[in-house]
Amino acid sequence: MCTHLHVDHVGWNTRLENGRWLPTFPNARYVFGKNEFDYWTEQNAKAPVPPFVDSVLPIVEANKAEIVRNDHQIGDHVRILPTPGHTPGHVAFTLGRGKDDAVFSGDLMHSPLQTRYPELSAKFDVDPAQAAVTRRNFLERYCDTDTLCCTAHFPSPSTGKIRRRGSGFSCEAAAGN
Ligand SMILES: [Zn+2]
């Protein structure tokens, strides 16, 4: 599952073998969000986007891609939470049966500073205003719940639970981590 299609989130989708990009995991299905896939298809038509060309399109060509809408689920345990802003089709993945035991937040935030100040957007955000709204909504949704938030770019352990802090939030590492 790819939260979005930036270079550092698709890089292990494929590997180069004898000059050809092949799926790294030949038995896997790769899940891409349709809005995200459509956005990068459009960008790639204007000017080649190398990570899309070498790490996404070869998966589609190998018939290993599932390009899904936001109501897609994998079994009873994996759901999509749309979180646009960082990229137009960015999604988080929630895991757990009937409730979100964990959520993979992708790049909807890059630094713990953004939990304290959700309005701060990173320069990589395609739509900084939308990203800020999405971030605050996401943090509010999980604030003071038991959901383990698994971030992509926070310092180790990079996981924690969202707690209120002033007018913002914090991501508190679980005891023992
Ligand atoms: Zn990104």
# chains A, B, ... in the order shown; residues from 1 in each chain; ligands from 1

call {"tool": "residues_around", "arguments": {"residues": "Ala122 in chain A", "least_positions_apart": "5", "cutoff": "10 Å", "atoms": "only C-alpha atoms", "output": "number ranges by chain"}}
result
A: 86, 107-111, 114, 127-128, 131-132

call {"tool": "residues_around", "arguments": {"residues": "Gly89 in chain A", "least_positions_apart": "6", "cutoff": "9 Å", "atoms": "only C-alpha atoms", "output": "ChimeraX atom specification"}}
result
/A:3-5,33-39,82-83

call {"tool": "closest_atom_pairs", "arguments": {"of": "range 32-147 of chain A", "to": "range 158-174 of chain A", "cutoff": "6 Å", "atoms": "only C-alpha atoms", "output": "CSV"}}
result
residue,atom,partner,partner_atom,distance
A:Thr115,CA,A:Phe169,CA,5.0
A:Arg116,CA,A:Gly168,CA,4.6
A:Tyr117,CA,A:Gly168,CA,5.7
A:Cys143,CA,A:Ile162,CA,4.7
A:Asp144,CA,A:Arg163,CA,5.1

call {"tool": "write_last_selection", "arguments": {"atoms": "all heavy atoms", "output": "PDB file, in the first residue's frame"}}
result
ATOM      1  N   THR A 115       2.757  18.454  14.968  1.00  0.00           N
ATOM      2  CA  THR A 115       1.673  18.050  15.869  1.00  0.00           C
ATOM      3  C   THR A 115       1.378  19.208  16.820  1.00  0.00           C
ATOM      4  O   THR A 115       0.236  19.497  17.109  1.00  0.00           O
ATOM      5  CB  THR A 115       2.017  16.772  16.667  1.00  0.00           C
ATOM      6  OG1 THR A 115       3.201  16.986  17.426  1.00  0.00           O
ATOM      7  CG2 THR A 115       2.223  15.594  15.736  1.00  0.00           C
ATOM      8  N   ARG A 116       2.440  19.873  17.267  1.00  0.00           N
ATOM      9  CA  ARG A 116       2.270  21.012  18.175  1.00  0.00           C
ATOM     10  C   ARG A 116       1.658  22.199  17.428  1.00  0.00           C
ATOM     11  O   ARG A 116       0.835  22.926  17.962  1.00  0.00           O
ATOM     12  CB  ARG A 116       3.639  21.386  18.769  1.00  0.00           C
ATOM     13  CG  ARG A 116       3.623  22.501  19.780  1.00  0.00           C
ATOM     14  CD  ARG A 116       2.885  22.107  21.051  1.00  0.00           C
ATOM     15  NE  ARG A 116       2.813  23.227  21.991  1.00  0.00           N
ATOM     16  CZ  ARG A 116       1.881  24.169  21.943  1.00  0.00           C
ATOM     17  NH1 ARG A 116       0.956  24.144  20.998  1.00  0.00           N
ATOM     18  NH2 ARG A 116       1.876  25.133  22.836  1.00  0.00           N
ATOM     19  N   TYR A 117       2.089  22.399  16.197  1.00  0.00           N
ATOM     20  CA  TYR A 117       1.606  23.508  15.365  1.00  0.00           C
ATOM     21  C   TYR A 117       1.103  22.947  14.029  1.00  0.00           C
ATOM     22  O   TYR A 117       1.826  22.996  13.021  1.00  0.00           O
ATOM     23  CB  TYR A 117       2.709  24.536  15.123  1.00  0.00           C
ATOM     24  CG  TYR A 117       3.304  25.097  16.406  1.00  0.00           C
ATOM     25  CD1 TYR A 117       4.537  24.648  16.876  1.00  0.00           C
ATOM     26  CD2 TYR A 117       2.621  26.071  17.138  1.00  0.00           C
ATOM     27  CE1 TYR A 117       5.078  25.146  18.064  1.00  0.00           C
ATOM     28  CE2 TYR A 117       3.161  26.572  18.316  1.00  0.00           C
ATOM     29  CZ  TYR A 117       4.387  26.114  18.774  1.00  0.00           C
ATOM     30  OH  TYR A 117       4.911  26.604  19.946  1.00  0.00           O
ATOM     31  N   CYS A 143      -6.948  12.276  18.657  1.00  0.00           N
ATOM     32  CA  CYS A 143      -6.510  12.811  19.946  1.00  0.00           C
ATOM     33  C   CYS A 143      -7.169  12.059  21.106  1.00  0.00           C
ATOM     34  O   CYS A 143      -8.380  11.854  21.115  1.00  0.00           O
ATOM     35  CB  CYS A 143      -6.872  14.297  20.008  1.00  0.00           C
ATOM     36  SG  CYS A 143      -6.312  15.057  21.528  1.00  0.00           S
ATOM     37  N   ASP A 144      -6.349  11.668  22.070  1.00  0.00           N
ATOM     38  CA  ASP A 144      -6.829  10.984  23.281  1.00  0.00           C
ATOM     39  C   ASP A 144      -7.567   9.676  22.990  1.00  0.00           C
ATOM     40  O   ASP A 144      -8.470   9.288  23.729  1.00  0.00           O
ATOM     41  CB  ASP A 144      -7.694  11.938  24.133  1.00  0.00           C
ATOM     42  CG  ASP A 144      -6.878  13.132  24.626  1.00  0.00           C
ATOM     43  OD1 ASP A 144      -5.664  12.966  24.851  1.00  0.00           O
ATOM     44  OD2 ASP A 144      -7.442  14.233  24.762  1.00  0.00           O
TER      45      ASP A 144
END

call {"tool": "closest_residue", "arguments": {"among": "A:Val10, A:Val91, A:Val53, A:Ala152", "to": "Arg69 in chain A", "atoms": "only C-alpha atoms"}}
result
A:Val91

call {"tool": "closest_residue", "arguments": {"among": "A:Arg20, A:Arg136, A:Lys123, A:Arg29", "to": "ligand 1", "atoms": "only C-alpha atoms and all ligand atoms"}}
result
A:Lys123

call {"tool": "residues_around", "arguments": {"residues": "Gly98 in chain A", "least_positions_apart": "3", "cutoff": "12 Å", "atoms": "only C-alpha atoms", "output": "MDAnalysis selection string"}}
result
chainID A and resid 73 75:79 94:95 101:102

call {"tool": "atom_distance", "arguments": {"atom1": "CA of Pro48 in chain A", "atom2": "CA of His6 in chain A"}}
result
13.5 Å

call {"tool": "atom_distance", "arguments": {"atom1": "CA of Val60 in chain A", "atom2": "CA of His90 in chain A"}}
result
18.8 Å

call {"tool": "atom_distance", "arguments": {"atom1": "CA of Pro155 in chain A", "atom2": "CA of Arg15 in chain A"}}
result
26.9 Å

call {"tool": "closest_residue", "arguments": {"among": "A:Glu66, A:Asp8, A:Glu119, A:Glu140", "to": "Ala28 in chain A", "atoms": "only C-alpha atoms"}}
result
A:Glu66

call {"tool": "closest_residue", "arguments": {"among": "A:Asn13, A:Asn70, A:Thr145, A:Thr151", "to": "ligand 1", "atoms": "only C-alpha atoms and all ligand atoms"}}
result
A:Thr151

call {"tool": "residues_around", "arguments": {"residues": "Val31 in chain A", "least_positions_apart": "4", "cutoff": "10 Å", "atoms": "only C-alpha atoms", "output": "PDB file with N, CA, C and O atoms, in the first residue's frame"}}
result
ATOM      1  N   MET A   1       0.850  -1.171   0.000  1.00  0.00           N
ATOM      2  CA  MET A   1       0.000   0.000   0.000  1.00  0.00           C
ATOM      3  C   MET A   1       0.894   1.232   0.000  1.00  0.00           C
ATOM      4  O   MET A   1       1.807   1.334   0.808  1.00  0.00           O
ATOM      5  N   CYS A   2       0.603   2.145  -0.890  1.00  0.00           N
ATOM      6  CA  CYS A   2       1.371   3.383  -0.937  1.00  0.00           C
ATOM      7  C   CYS A   2       0.442   4.525  -0.518  1.00  0.00           C
ATOM      8  O   CYS A   2      -0.606   4.725  -1.131  1.00  0.00           O
ATOM      9  N   THR A   3       0.849   5.283   0.504  1.00  0.00           N
ATOM     10  CA  THR A   3       0.022   6.414   0.954  1.00  0.00           C
ATOM     11  C   THR A   3      -0.043   7.493  -0.114  1.00  0.00           C
ATOM     12  O   THR A   3      -1.012   8.220  -0.224  1.00  0.00           O
ATOM     13  N   LYS A  64       0.185  -5.972 -11.378  1.00  0.00           N
ATOM     14  CA  LYS A  64       0.230  -6.186  -9.929  1.00  0.00           C
ATOM     15  C   LYS A  64      -0.419  -5.026  -9.167  1.00  0.00           C
ATOM     16  O   LYS A  64      -0.394  -5.007  -7.939  1.00  0.00           O
ATOM     17  N   ALA A  65      -0.951  -4.049  -9.903  1.00  0.00           N
ATOM     18  CA  ALA A  65      -1.506  -2.866  -9.238  1.00  0.00           C
ATOM     19  C   ALA A  65      -3.003  -3.015  -9.001  1.00  0.00           C
ATOM     20  O   ALA A  65      -3.722  -3.548  -9.856  1.00  0.00           O
ATOM     21  N   GLU A  66      -3.446  -2.553  -7.846  1.00  0.00           N
ATOM     22  CA  GLU A  66      -4.870  -2.364  -7.601  1.00  0.00           C
ATOM     23  C   GLU A  66      -5.053  -0.875  -7.393  1.00  0.00           C
ATOM     24  O   GLU A  66      -4.578  -0.327  -6.394  1.00  0.00           O
ATOM     25  N   ILE A  67      -5.675  -0.217  -8.364  1.00  0.00           N
ATOM     26  CA  ILE A  67      -5.887   1.225  -8.271  1.00  0.00           C
ATOM     27  C   ILE A  67      -7.296   1.416  -7.728  1.00  0.00           C
ATOM     28  O   ILE A  67      -8.269   1.066  -8.399  1.00  0.00           O
ATOM     29  N   VAL A  68      -7.377   1.902  -6.486  1.00  0.00           N
ATOM     30  CA  VAL A  68      -8.630   1.781  -5.741  1.00  0.00           C
ATOM     31  C   VAL A  68      -9.201   3.140  -5.353  1.00  0.00           C
ATOM     32  O   VAL A  68      -8.479   4.137  -5.244  1.00  0.00           O
ATOM     33  N   HIS A  72     -12.250   1.631  -0.603  1.00  0.00           N
ATOM     34  CA  HIS A  72     -11.650   0.296  -0.694  1.00  0.00           C
ATOM     35  C   HIS A  72     -11.249  -0.220   0.690  1.00  0.00           C
ATOM     36  O   HIS A  72     -10.783   0.527   1.532  1.00  0.00           O
ATOM     37  N   ILE A  74      -9.297  -3.784   2.643  1.00  0.00           N
ATOM     38  CA  ILE A  74      -8.645  -5.081   2.500  1.00  0.00           C
ATOM     39  C   ILE A  74      -9.138  -5.931   3.666  1.00  0.00           C
ATOM     40  O   ILE A  74      -8.800  -5.666   4.823  1.00  0.00           O
TER      41      ILE A  74
END

call {"tool": "closest_residue", "arguments": {"among": "A:Pro84, A:Gly19, A:Gly106, A:Gly96", "to": "ligand 1", "atoms": "only C-alpha atoms and all ligand atoms"}}
result
A:Gly106

call {"tool": "select_by_dssp", "arguments": {"residues": "range 7-88 of chain A", "states": "alpha helix (DSSP H)", "output": "PyMOL selection string"}}
result
chain A and resi 7-10+34-46+50-55+57-61

call {"tool": "select_by_dssp", "arguments": {"residues": "range 34-152 of chain A", "states": "strand (DSSP E)", "output": "number ranges by chain"}}
result
A: 65-68, 73-74, 78-82, 91-95, 102-106, 148-151

call {"tool": "decode", "arguments": {"residues": "range 115-126 of chain A", "atoms": "all heavy atoms", "output": "PDB file, in the first residue's frame"}}
result
ATOM      1  N   THR A 115       2.757  18.454  14.968  1.00  0.00           N
ATOM      2  CA  THR A 115       1.673  18.050  15.869  1.00  0.00           C
ATOM      3  C   THR A 115       1.378  19.208  16.820  1.00  0.00           C
ATOM      4  O   THR A 115       0.236  19.497  17.109  1.00  0.00           O
ATOM      5  CB  THR A 115       2.017  16.772  16.667  1.00  0.00           C
ATOM      6  OG1 THR A 115       3.201  16.986  17.426  1.00  0.00           O
ATOM      7  CG2 THR A 115       2.223  15.594  15.736  1.00  0.00           C
ATOM      8  N   ARG A 116       2.440  19.873  17.267  1.00  0.00           N
ATOM      9  CA  ARG A 116       2.270  21.012  18.175  1.00  0.00           C
ATOM     10  C   ARG A 116       1.658  22.199  17.428  1.00  0.00           C
ATOM     11  O   ARG A 116       0.835  22.926  17.962  1.00  0.00           O
ATOM     12  CB  ARG A 116       3.639  21.386  18.769  1.00  0.00           C
ATOM     13  CG  ARG A 116       3.623  22.501  19.780  1.00  0.00           C
ATOM     14  CD  ARG A 116       2.885  22.107  21.051  1.00  0.00           C
ATOM     15  NE  ARG A 116       2.813  23.227  21.991  1.00  0.00           N
ATOM     16  CZ  ARG A 116       1.881  24.169  21.943  1.00  0.00           C
ATOM     17  NH1 ARG A 116       0.956  24.144  20.998  1.00  0.00           N
ATOM     18  NH2 ARG A 116       1.876  25.133  22.836  1.00  0.00           N
ATOM     19  N   TYR A 117       2.089  22.399  16.197  1.00  0.00           N
ATOM     20  CA  TYR A 117       1.606  23.508  15.365  1.00  0.00           C
ATOM     21  C   TYR A 117       1.103  22.947  14.029  1.00  0.00           C
ATOM     22  O   TYR A 117       1.826  22.996  13.021  1.00  0.00           O
ATOM     23  CB  TYR A 117       2.709  24.536  15.123  1.00  0.00           C
ATOM     24  CG  TYR A 117       3.304  25.097  16.406  1.00  0.00           C
ATOM     25  CD1 TYR A 117       4.537  24.648  16.876  1.00  0.00           C
ATOM     26  CD2 TYR A 117       2.621  26.071  17.138  1.00  0.00           C
ATOM     27  CE1 TYR A 117       5.078  25.146  18.064  1.00  0.00           C
ATOM     28  CE2 TYR A 117       3.161  26.572  18.316  1.00  0.00           C
ATOM     29  CZ  TYR A 117       4.387  26.114  18.774  1.00  0.00           C
ATOM     30  OH  TYR A 117       4.911  26.604  19.946  1.00  0.00           O
ATOM     31  N   PRO A 118      -0.123  22.417  14.009  1.00  0.00           N
ATOM     32  CA  PRO A 118      -0.621  21.736  12.800  1.00  0.00           C
ATOM     33  C   PRO A 118      -0.696  22.640  11.572  1.00  0.00           C
ATOM     34  O   PRO A 118      -0.746  22.152  10.442  1.00  0.00           O
ATOM     35  CB  PRO A 118      -2.020  21.259  13.208  1.00  0.00           C
ATOM     36  CG  PRO A 118      -2.028  21.272  14.697  1.00  0.00           C
ATOM     37  CD  PRO A 118      -1.079  22.357  15.120  1.00  0.00           C
ATOM     38  N   GLU A 119      -0.681  23.964  11.790  1.00  0.00           N
ATOM     39  CA  GLU A 119      -0.816  24.874  10.652  1.00  0.00           C
ATOM     40  C   GLU A 119       0.486  24.990   9.855  1.00  0.00           C
ATOM     41  O   GLU A 119       0.490  25.537   8.751  1.00  0.00           O
ATOM     42  CB  GLU A 119      -1.267  26.262  11.116  1.00  0.00           C
ATOM     43  CG  GLU A 119      -2.750  26.321  11.491  1.00  0.00           C
ATOM     44  CD  GLU A 119      -3.131  25.479  12.721  1.00  0.00           C
ATOM     45  OE1 GLU A 119      -2.320  25.441  13.693  1.00  0.00           O
ATOM     46  OE2 GLU A 119      -4.197  24.838  12.708  1.00  0.00           O
ATOM     47  N   LEU A 120       1.595  24.484  10.409  1.00  0.00           N
ATOM     48  CA  LEU A 120       2.876  24.548   9.689  1.00  0.00           C
ATOM     49  C   LEU A 120       2.923  23.479   8.608  1.00  0.00           C
ATOM     50  O   LEU A 120       2.872  22.288   8.910  1.00  0.00           O
ATOM     51  CB  LEU A 120       4.044  24.309  10.653  1.00  0.00           C
ATOM     52  CG  LEU A 120       4.344  25.383  11.695  1.00  0.00           C
ATOM     53  CD1 LEU A 120       5.532  24.934  12.540  1.00  0.00           C
ATOM     54  CD2 LEU A 120       4.639  26.710  11.006  1.00  0.00           C
ATOM     55  N   SER A 121       3.022  23.908   7.345  1.00  0.00           N
ATOM     56  CA  SER A 121       3.119  22.946   6.252  1.00  0.00           C
ATOM     57  C   SER A 121       4.548  22.860   5.743  1.00  0.00           C
ATOM     58  O   SER A 121       5.273  23.851   5.744  1.00  0.00           O
ATOM     59  CB  SER A 121       2.174  23.344   5.111  1.00  0.00           C
ATOM     60  OG  SER A 121       0.838  23.059   5.482  1.00  0.00           O
ATOM     61  N   ALA A 122       4.935  21.674   5.318  1.00  0.00           N
ATOM     62  CA  ALA A 122       6.279  21.468   4.780  1.00  0.00           C
ATOM     63  C   ALA A 122       6.320  21.963   3.343  1.00  0.00           C
ATOM     64  O   ALA A 122       5.294  22.025   2.664  1.00  0.00           O
ATOM     65  CB  ALA A 122       6.637  19.991   4.846  1.00  0.00           C
ATOM     66  N   LYS A 123       7.508  22.293   2.884  1.00  0.00           N
ATOM     67  CA  LYS A 123       7.602  22.852   1.523  1.00  0.00           C
ATOM     68  C   LYS A 123       7.242  21.815   0.455  1.00  0.00           C
ATOM     69  O   LYS A 123       6.998  22.171  -0.689  1.00  0.00           O
ATOM     70  CB  LYS A 123       8.985  23.441   1.282  1.00  0.00           C
ATOM     71  CG  LYS A 123      10.095  22.431   1.151  1.00  0.00           C
ATOM     72  CD  LYS A 123      11.360  23.133   0.697  1.00  0.00           C
ATOM     73  CE  LYS A 123      12.389  22.143   0.216  1.00  0.00           C
ATOM     74  NZ  LYS A 123      13.569  22.779  -0.346  1.00  0.00           N
ATOM     75  N   PHE A 124       7.195  20.542   0.840  1.00  0.00           N
ATOM     76  CA  PHE A 124       6.855  19.498  -0.131  1.00  0.00           C
ATOM     77  C   PHE A 124       5.348  19.344  -0.315  1.00  0.00           C
ATOM     78  O   PHE A 124       4.907  18.582  -1.166  1.00  0.00           O
ATOM     79  CB  PHE A 124       7.448  18.159   0.312  1.00  0.00           C
ATOM     80  CG  PHE A 124       8.915  18.227   0.591  1.00  0.00           C
ATOM     81  CD1 PHE A 124       9.397  18.194   1.898  1.00  0.00           C
ATOM     82  CD2 PHE A 124       9.830  18.345  -0.454  1.00  0.00           C
ATOM     83  CE1 PHE A 124      10.760  18.281   2.155  1.00  0.00           C
ATOM     84  CE2 PHE A 124      11.190  18.429  -0.195  1.00  0.00           C
ATOM     85  CZ  PHE A 124      11.656  18.401   1.109  1.00  0.00           C
ATOM     86  N   ASP A 125       4.561  20.055   0.505  1.00  0.00           N
ATOM     87  CA  ASP A 125       3.111  19.927   0.392  1.00  0.00           C
ATOM     88  C   ASP A 125       2.625  20.619  -0.881  1.00  0.00           C
ATOM     89  O   ASP A 125       2.894  21.803  -1.091  1.00  0.00           O
ATOM     90  CB  ASP A 125       2.419  20.538   1.613  1.00  0.00           C
ATOM     91  CG  ASP A 125       2.676  19.738   2.887  1.00  0.00           C
ATOM     92  OD1 ASP A 125       3.208  18.610   2.797  1.00  0.00           O
ATOM     93  OD2 ASP A 125       2.339  20.243   3.975  1.00  0.00           O
ATOM     94  N   VAL A 126       1.899  19.879  -1.717  1.00  0.00           N
ATOM     95  CA  VAL A 126       1.401  20.449  -2.975  1.00  0.00           C
ATOM     96  C   VAL A 126       0.402  21.570  -2.679  1.00  0.00           C
ATOM     97  O   VAL A 126       0.425  22.613  -3.320  1.00  0.00           O
ATOM     98  CB  VAL A 126       0.739  19.342  -3.842  1.00  0.00           C
ATOM     99  CG1 VAL A 126       0.047  19.946  -5.059  1.00  0.00           C
ATOM    100  CG2 VAL A 126       1.784  18.309  -4.280  1.00  0.00           C
TER     101      VAL A 126
END
